There are 2 protein chains.
Amino acid sequence: MAANTQFSIAVHVLTMLARSENSNLKSDYLAKSVNTNPVVVRRLLGHLAQGDLVISQTGANGGTRLSRCPDRINLAEVYKAVSCGEVFALHSKAPSQDCPVGRNIEAVLCRLQKEIDRTVAEKFAEYTLADLIMMVQPARV
Amino acid sequence: MAANTQFSIAVHVLTMLARSENSNLKSDYLAKSVNTNPVVVRRLLGHLAQGDLVISQTGANGGTRLSRCPDRINLAEVYKAVSCGEVFALHSKAPSQDCPVGRNIEAVLCRLQKEIDRTVAEKFAEYTLADLIMMVQPARV
DNA sequence: TCATTTGTATCAAAACGAGTTACAAAGTTA
DNA sequence: TAACTTTGTAACTCGTTTTGATACAAATGA
């Protein structure tokens, strides 16, 4: 019943990358800020890389940086990269086909699911990483 | 990363209750349609009862029925009753307070979380159980 | 009094997430 | 070339959550 923390950690990490401009950050360094293990961070960065949000490099002076400017990364992309994108799941076991409700409810829920998930994606899309940076660090003195 | 199935099962069960008008349905009967165990259904019905959506009775001729007309139960109430109501969770371990991002990101995420969750609740609230019944069983011949 | 049904405790099994160790592969530096 | 750094990923453990099952007291109705 508890929700997923991946999105929060992803936003945290991406905000740090955004603030470090073009220099690579190491998973070790990010892990310290997030208060977790470097491998956990690298796994997360792997998802973000698949979503084309970050670029990682192996080797000395390696690390990770954003693939684009923070104002061109919106939170819908982040959410999509690190979650299944579903607010609720359909039945894991197919309901009884002997029951009229069982036979038809899945199709109805499926349409509802799509509509809810689209609504969430649209809301997330209203914010870019650049917006978040402004919120985290409001206008410097 | 997988989402919760409780909401789908709740909608399934509530739809059956709505279609049975005022007669009580047994957890045994509901479990057959959902294709699970009666105790699992009774646990779910417990949450729905706490949310004031259904009324259960023990004893012979006992069972569960809706607490109101299907057109007065909206899906936001259902979602609230069976889930934590959060699309994503905040950090489970507090981020490092030594890092400027770590210090401030939680408050930002918290505001975002509230906004997203409110958006979802509003979308769910657009549908009543009566609407769903129409979708499951469109106008009879 | 007896049969039925819920509510809930308790247990076991399955599924899942998070953290850890380890190491090959890729890259840098000298 | 050699030494060093860093990622990516496999493999494992551990704790938590979810699901299904059994059991039984309490409530209800006949």
# chains A, B, ... in the order shown; residues from 1 in each chain; ligands from 1
>>> residues_around(residues="Val101 in chain B", least_positions_apart="5", cutoff="9 Å", atoms="only C-alpha atoms (C1' of nucleotides)", output="ChimeraX atom specification")
/A:12-13,15-16,33,133,136-137 /B:95-96,106
>>> write_last_selection(atoms="N, CA and C atoms", output="mmCIF file, in the first residue's frame")
data_model
loop_
_atom_site.group_PDB
_atom_site.id
_atom_site.type_symbol
_atom_site.label_atom_id
_atom_site.label_comp_id
_atom_site.auth_asym_id
_atom_site.auth_seq_id
_atom_site.Cartn_x
_atom_site.Cartn_y
_atom_site.Cartn_z
ATOM 1 N N HIS A 12 15.864 14.290 -6.602
ATOM 2 C CA HIS A 12 16.986 14.737 -5.775
ATOM 3 C C HIS A 12 18.299 14.663 -6.574
ATOM 4 N N VAL A 13 18.543 13.527 -7.156
ATOM 5 C CA VAL A 13 19.782 13.315 -7.904
ATOM 6 C C VAL A 13 19.854 14.238 -9.114
ATOM 7 N N THR A 15 18.456 17.066 -9.543
ATOM 8 C CA THR A 15 18.658 18.445 -9.100
ATOM 9 C C THR A 15 20.135 18.694 -8.817
ATOM 10 N N MET A 16 20.781 17.712 -8.215
ATOM 11 C CA MET A 16 22.211 17.878 -7.948
ATOM 12 C C MET A 16 22.992 17.956 -9.253
ATOM 13 N N SER A 33 24.710 12.219 -0.486
ATOM 14 C CA SER A 33 23.649 13.208 -0.306
ATOM 15 C C SER A 33 22.287 12.550 -0.125
ATOM 16 N N ILE A 133 14.785 23.559 -9.463
ATOM 17 C CA ILE A 133 15.998 24.189 -8.943
ATOM 18 C C ILE A 133 15.670 25.531 -8.323
ATOM 19 N N VAL A 136 14.213 24.882 -4.958
ATOM 20 C CA VAL A 136 15.170 24.407 -3.966
ATOM 21 C C VAL A 136 16.080 25.538 -3.525
ATOM 22 N N GLN A 137 16.494 26.326 -4.509
ATOM 23 C CA GLN A 137 17.411 27.435 -4.202
ATOM 24 C C GLN A 137 16.826 28.709 -4.757
ATOM 25 N N PRO B 95 17.490 12.768 3.580
ATOM 26 C CA PRO B 95 18.730 13.045 2.845
ATOM 27 C C PRO B 95 19.725 13.762 3.744
ATOM 28 N N SER B 96 20.981 13.800 3.289
ATOM 29 C CA SER B 96 22.034 14.453 4.063
ATOM 30 C C SER B 96 21.738 15.934 4.255
ATOM 31 N N GLU B 106 13.235 18.081 0.269
ATOM 32 C CA GLU B 106 12.058 17.419 0.836
ATOM 33 C C GLU B 106 10.834 18.319 0.854
#
>>> interface_residues(of="chain D", to="chain B", cutoff="10 Å", atoms="only C-alpha atoms (C1' of nucleotides)", output="ChimeraX atom specification")
/D:19-21,26-30
>>> interface_residues(of="chain C", to="chain A", cutoff="10 Å", atoms="only C-alpha atoms (C1' of nucleotides)", output="number ranges by chain")
C: 17-20, 25-29
>>> write_last_selection(atoms="C-alpha atoms (C1' of nucleotides)", output="mmCIF file, in the first residue's frame")
data_model
loop_
_atom_site.group_PDB
_atom_site.id
_atom_site.type_symbol
_atom_site.label_atom_id
_atom_site.label_comp_id
_atom_site.auth_asym_id
_atom_site.auth_seq_id
_atom_site.Cartn_x
_atom_site.Cartn_y
_atom_site.Cartn_z
ATOM 1 C "C1'" DG C 17 12.950 -3.524 -2.388
ATOM 2 C "C1'" DA C 18 17.153 -2.081 -0.412
ATOM 3 C "C1'" DG C 19 21.703 -2.703 0.791
ATOM 4 C "C1'" DT C 20 26.131 -5.084 0.182
ATOM 5 C "C1'" DA C 25 34.750 -3.496 -18.812
ATOM 6 C "C1'" DA C 26 35.643 1.133 -20.049
ATOM 7 C "C1'" DG C 27 38.078 5.064 -19.626
ATOM 8 C "C1'" DT C 28 42.056 8.420 -17.866
ATOM 9 C "C1'" DT C 29 46.640 9.570 -16.675
#
>>> interface_residues(of="chain B", to="chain A", cutoff="9 Å", atoms="only C-alpha atoms", output="PyMOL selection string")
chain B and resi 1-9+11-13+15-16+32-36+82-109+112+115-117+119-120+123-124+132-133+135-137
>>> write_last_selection(atoms="C-alpha atoms", output="CSV table (one decimal), in the first residue's frame")
chain,number,residue,atom,x,y,z
B,1,MET,CA,7.8,-0.5,-8.9
B,2,ALA,CA,4.5,-2.4,-9.6
B,3,ALA,CA,1.3,-0.6,-8.6
B,4,ASN,CA,-1.4,-1.6,-6.2
B,5,THR,CA,-4.3,-3.9,-7.2
B,6,GLN,CA,-6.5,-3.0,-4.3
B,7,PHE,CA,-8.3,-0.3,-6.1
B,8,SER,CA,-9.3,-2.5,-9.0
B,9,ILE,CA,-10.6,-5.2,-6.7
B,11,VAL,CA,-14.2,-1.3,-7.8
B,12,HIS,CA,-15.0,-4.8,-8.9
B,13,VAL,CA,-16.6,-5.7,-5.5
B,15,THR,CA,-19.8,-2.8,-8.7
B,16,MET,CA,-21.2,-6.2,-7.7
B,32,LYS,CA,-15.4,-16.4,-6.4
B,33,SER,CA,-16.0,-13.5,-8.8
B,34,VAL,CA,-12.7,-11.8,-7.9
B,35,ASN,CA,-11.0,-15.2,-8.0
B,36,THR,CA,-9.4,-15.0,-4.5
B,82,VAL,CA,-8.1,1.4,-0.1
B,83,SER,CA,-4.7,3.1,-0.8
B,84,CYS,CA,-2.3,5.5,0.9
B,85,GLY,CA,-3.4,8.1,-1.6
B,86,GLU,CA,0.1,8.9,-2.8
B,87,VAL,CA,1.3,8.6,-6.3
B,88,PHE,CA,4.9,8.7,-5.1
B,89,ALA,CA,6.5,8.6,-1.7
B,90,LEU,CA,9.0,11.0,-0.1
B,91,HIS,CA,12.5,9.8,0.9
B,92,SER,CA,12.2,7.0,3.4
B,93,LYS,CA,15.6,8.0,4.8
B,94,ALA,CA,16.2,11.7,5.3
B,95,PRO,CA,18.7,13.0,2.8
B,96,SER,CA,22.0,14.5,4.1
B,97,GLN,CA,21.6,17.8,5.8
B,98,ASP,CA,25.2,18.7,4.9
B,99,CYS,CA,24.1,19.1,1.2
B,100,PRO,CA,22.1,22.2,0.2
B,101,VAL,CA,19.9,20.1,-2.1
B,102,GLY,CA,19.4,17.5,0.6
B,103,ARG,CA,18.4,20.2,3.1
B,104,ASN,CA,15.7,21.7,0.8
B,105,ILE,CA,14.5,19.0,-1.6
B,106,GLU,CA,12.1,17.4,0.8
B,107,ALA,CA,9.9,20.5,1.3
B,108,VAL,CA,9.8,21.0,-2.5
B,109,LEU,CA,8.8,17.3,-3.1
B,112,LEU,CA,4.6,18.6,-5.4
B,115,GLU,CA,-0.5,18.8,-5.8
B,116,ILE,CA,-0.2,15.6,-7.8
B,117,ASP,CA,-2.3,13.7,-5.2
B,119,THR,CA,-5.0,16.2,-9.1
B,120,VAL,CA,-5.6,12.5,-9.0
B,123,LYS,CA,-10.0,13.1,-11.5
B,124,PHE,CA,-11.2,10.1,-9.6
B,132,LEU,CA,-19.1,2.5,-13.8
B,133,ILE,CA,-22.1,0.3,-13.7
B,135,MET,CA,-19.9,1.2,-18.5
B,136,VAL,CA,-19.8,-2.4,-17.3
B,137,GLN,CA,-23.4,-3.1,-18.4
>>> select_by_dssp(residues="chain A", states="alpha helix (DSSP H)", output="CSV table (one decimal) with C-alpha atoms, in the first residue's frame")
chain,number,residue,atom,x,y,z
A,6,GLN,CA,12.2,6.2,-6.6
A,7,PHE,CA,10.8,9.3,-8.1
A,8,SER,CA,11.8,11.4,-5.1
A,9,ILE,CA,15.3,10.1,-5.2
A,10,ALA,CA,15.5,10.7,-8.9
A,11,VAL,CA,14.4,14.3,-8.5
A,12,HIS,CA,17.0,14.7,-5.8
A,13,VAL,CA,19.8,13.3,-7.9
A,14,LEU,CA,18.8,15.2,-11.0
A,15,THR,CA,18.7,18.4,-9.1
A,16,MET,CA,22.2,17.9,-7.9
A,17,LEU,CA,23.3,17.1,-11.5
A,18,ALA,CA,21.6,20.2,-12.8
A,19,ARG,CA,23.3,22.4,-10.2
A,27,SER,CA,27.7,7.8,-7.7
A,28,ASP,CA,29.7,7.8,-4.5
A,29,TYR,CA,29.1,11.5,-4.0
A,30,LEU,CA,25.4,11.4,-5.0
A,31,ALA,CA,24.9,8.4,-2.6
A,32,LYS,CA,26.2,10.5,0.3
A,33,SER,CA,23.6,13.2,-0.3
A,34,VAL,CA,20.8,10.8,-0.8
A,38,PRO,CA,26.4,4.0,-4.5
A,39,VAL,CA,25.1,0.9,-6.2
A,40,VAL,CA,21.5,1.9,-5.5
A,41,VAL,CA,22.2,5.3,-7.1
A,42,ARG,CA,23.9,3.7,-10.1
A,43,ARG,CA,20.8,1.5,-10.6
A,44,LEU,CA,18.6,4.5,-10.5
A,45,LEU,CA,20.9,6.4,-12.9
A,46,GLY,CA,20.7,3.4,-15.2
A,47,HIS,CA,16.9,4.0,-15.5
A,48,LEU,CA,17.4,7.7,-16.1
A,49,ALA,CA,20.0,6.9,-18.8
A,50,GLN,CA,17.5,4.6,-20.5
A,75,LEU,CA,9.0,15.7,-14.5
A,76,ALA,CA,6.7,13.5,-16.6
A,77,GLU,CA,9.9,12.2,-18.3
A,78,VAL,CA,11.4,11.5,-14.9
A,79,TYR,CA,8.3,9.8,-13.6
A,80,LYS,CA,8.1,7.6,-16.7
A,81,ALA,CA,11.8,6.7,-16.4
A,82,VAL,CA,11.7,5.5,-12.8
A,100,PRO,CA,-21.0,-10.6,-15.8
A,101,VAL,CA,-19.1,-8.1,-13.8
A,102,GLY,CA,-15.9,-10.2,-13.9
A,103,ARG,CA,-16.2,-10.5,-17.6
A,104,ASN,CA,-16.5,-6.7,-18.3
A,105,ILE,CA,-14.8,-4.9,-15.4
A,106,GLU,CA,-11.3,-5.3,-16.7
A,107,ALA,CA,-11.9,-3.3,-19.9
A,108,VAL,CA,-13.6,-0.5,-17.9
A,109,LEU,CA,-10.8,-0.4,-15.4
A,110,CYS,CA,-8.3,-0.3,-18.2
A,111,ARG,CA,-9.8,2.7,-19.8
A,112,LEU,CA,-10.0,4.4,-16.4
A,113,GLN,CA,-6.4,3.6,-15.7
A,114,LYS,CA,-5.2,5.1,-18.9
A,115,GLU,CA,-7.2,8.3,-18.2
A,116,ILE,CA,-5.8,8.6,-14.7
A,117,ASP,CA,-2.3,7.9,-15.7
A,118,ARG,CA,-2.5,10.5,-18.6
A,119,THR,CA,-3.8,13.1,-16.1
A,120,VAL,CA,-0.8,12.4,-13.8
A,121,ALA,CA,1.6,12.7,-16.7
A,122,GLU,CA,0.1,16.0,-17.8
A,123,LYS,CA,0.4,17.4,-14.3
A,124,PHE,CA,4.0,16.3,-14.0
A,129,LEU,CA,13.9,20.5,-13.6
A,130,ALA,CA,14.7,24.1,-13.9
A,131,ASP,CA,11.5,25.0,-12.0
A,132,LEU,CA,12.6,22.7,-9.2
A,133,ILE,CA,16.0,24.2,-8.9
A,134,MET,CA,14.4,27.6,-8.5
A,135,MET,CA,12.3,26.1,-5.7
A,136,VAL,CA,15.2,24.4,-4.0
